[in-house]
Amino acid sequence: PYSMTRRFGALLSPHTSRVIRHAEARVVHEPFVAGALRGGTHAHTWSGDGAWISFTYNDVLLEQDLRTIGVMAPGQRVAVPVTDCESFAGEYFTVVVATVT
């Protein structure tokens with residue numbers, strides 16, 4: 001079902017392909033993967049040079065009303081073991097950049 005912890009950034013290159021790709025990778029069950037998130041992203045914003053993406057984030061393993069922020073760094077695609085519909089690979093390496101207290 002749709003919720004704050006299940007949203008994701010979608011990438012589309014309309015001039016080269018009509019395939020939507022996941023911006024970030026997601027894995028919500030162990031083993032977790034470096035560069036992949038455990039929840040949903042939203043409020044995506046491109047950096048001034050168009051390379052990085054910032055986002056707000058809700059982690060599925062934490063309380064769902066706790067929102068934090070993160071960034072997606074280009075250059076390293078993140079592969080994950082796809083074991084269910086919650087897990088998927090992503091085009092960007094992601095990190096959460098603020099601690100939620």
# chains A, B, ... in the order shown; residues from 1 in each chain; ligands from 1
>>> residues_around(residues="segment 78-84 of chain A", least_positions_apart="3", cutoff="10 Å", atoms="only C-alpha atoms", output="ChimeraX atom specification")
/A:23-29,31-36,75,87-94
>>> write_last_selection(atoms="N, CA and C atoms", output="short mmCIF file (atom, residue, chain, number, x, y, z; two decimals), in the first residue's frame")
data_model
loop_
_atom_site.label_atom_id
_atom_site.label_comp_id
_atom_site.auth_asym_id
_atom_site.auth_seq_id
_atom_site.Cartn_x
_atom_site.Cartn_y
_atom_site.Cartn_z
N ALA A 23 15.56 6.07 -8.65
CA ALA A 23 16.71 6.90 -8.32
C ALA A 23 17.51 6.25 -7.20
N GLU A 24 16.84 5.86 -6.12
CA GLU A 24 17.52 5.24 -4.99
C GLU A 24 17.19 3.75 -4.92
N ALA A 25 18.06 3.02 -4.23
CA ALA A 25 17.80 1.60 -3.96
C ALA A 25 17.09 1.49 -2.62
N ARG A 26 16.32 0.42 -2.43
CA ARG A 26 15.65 0.20 -1.15
C ARG A 26 15.72 -1.27 -0.76
N VAL A 27 16.01 -1.50 0.51
CA VAL A 27 15.99 -2.84 1.12
C VAL A 27 15.41 -2.66 2.53
N VAL A 28 14.30 -3.31 2.83
CA VAL A 28 13.68 -3.14 4.14
C VAL A 28 13.87 -4.34 5.05
N HIS A 29 14.57 -5.36 4.59
CA HIS A 29 14.85 -6.54 5.41
C HIS A 29 16.35 -6.82 5.39
N PRO A 31 19.75 -8.85 4.95
CA PRO A 31 20.88 -7.95 5.20
C PRO A 31 20.70 -6.63 4.45
N PHE A 32 21.00 -5.53 5.14
CA PHE A 32 20.91 -4.22 4.53
C PHE A 32 22.12 -3.99 3.62
N VAL A 33 22.00 -3.07 2.69
CA VAL A 33 23.03 -2.83 1.68
C VAL A 33 23.49 -1.38 1.77
N ALA A 34 24.79 -1.16 1.80
CA ALA A 34 25.32 0.21 1.82
C ALA A 34 24.84 0.97 0.60
N GLY A 35 24.34 2.18 0.82
CA GLY A 35 23.85 3.00 -0.28
C GLY A 35 22.38 2.83 -0.58
N ALA A 36 21.74 1.84 0.05
CA ALA A 36 20.30 1.62 -0.12
C ALA A 36 19.57 2.11 1.13
N GLY A 75 27.10 8.39 -9.72
CA GLY A 75 28.33 7.67 -10.02
C GLY A 75 28.45 6.27 -9.51
N SER A 87 11.96 -4.32 -2.26
CA SER A 87 13.39 -4.13 -2.54
C SER A 87 13.62 -3.87 -4.02
N PHE A 88 14.50 -2.91 -4.30
CA PHE A 88 14.84 -2.62 -5.70
C PHE A 88 16.18 -1.91 -5.77
N ALA A 89 16.87 -2.07 -6.89
CA ALA A 89 18.14 -1.41 -7.15
C ALA A 89 17.91 0.06 -7.48
N GLY A 90 18.97 0.87 -7.39
CA GLY A 90 18.84 2.28 -7.69
C GLY A 90 20.04 2.83 -8.44
N GLU A 91 19.84 3.94 -9.10
CA GLU A 91 20.88 4.58 -9.91
C GLU A 91 21.85 5.42 -9.09
N TYR A 92 21.47 5.83 -7.88
CA TYR A 92 22.29 6.70 -7.04
C TYR A 92 22.62 6.02 -5.72
N PHE A 93 23.78 6.40 -5.15
CA PHE A 93 24.16 5.97 -3.80
C PHE A 93 23.54 6.96 -2.84
N THR A 94 22.79 6.49 -1.86
CA THR A 94 22.06 7.40 -0.97
C THR A 94 22.58 7.33 0.46
#
>>> select_by_dssp(residues="segment 26-97 of chain A", states="strand (DSSP E)", output="list in words")
Arg26, Ala36, Leu37, Gly39, Gly40, Thr41, His42, Ala43, His44, Thr45, Trp46, Ile53, Ser54, Phe55, Thr56, Tyr57, Asn58, Asp59, Arg67, Thr68, Ile69, Gly70, Val71, Met72, Ala73, Phe93, Thr94, Val95 and Val96 of chain A
>>> atom_distance(atom1="atom CA of Leu11 of chain A", atom2="atom CA of Val100 of chain A")
27.6 Å
>>> closest_residue(among="A:Asn58, A:Leu66, A:Ser17, A:Val71", to="Gly40 of chain A", atoms="only C-alpha atoms")
A:Asn58
>>> residues_around(residues="Ile20 of chain A", least_positions_apart="4", cutoff="10 Å", atoms="only C-alpha atoms", output="count of residues only")
6
>>> atom_distance(atom1="atom CA of Thr101 of chain A", atom2="atom CA of Tyr2 of chain A")
25.4 Å
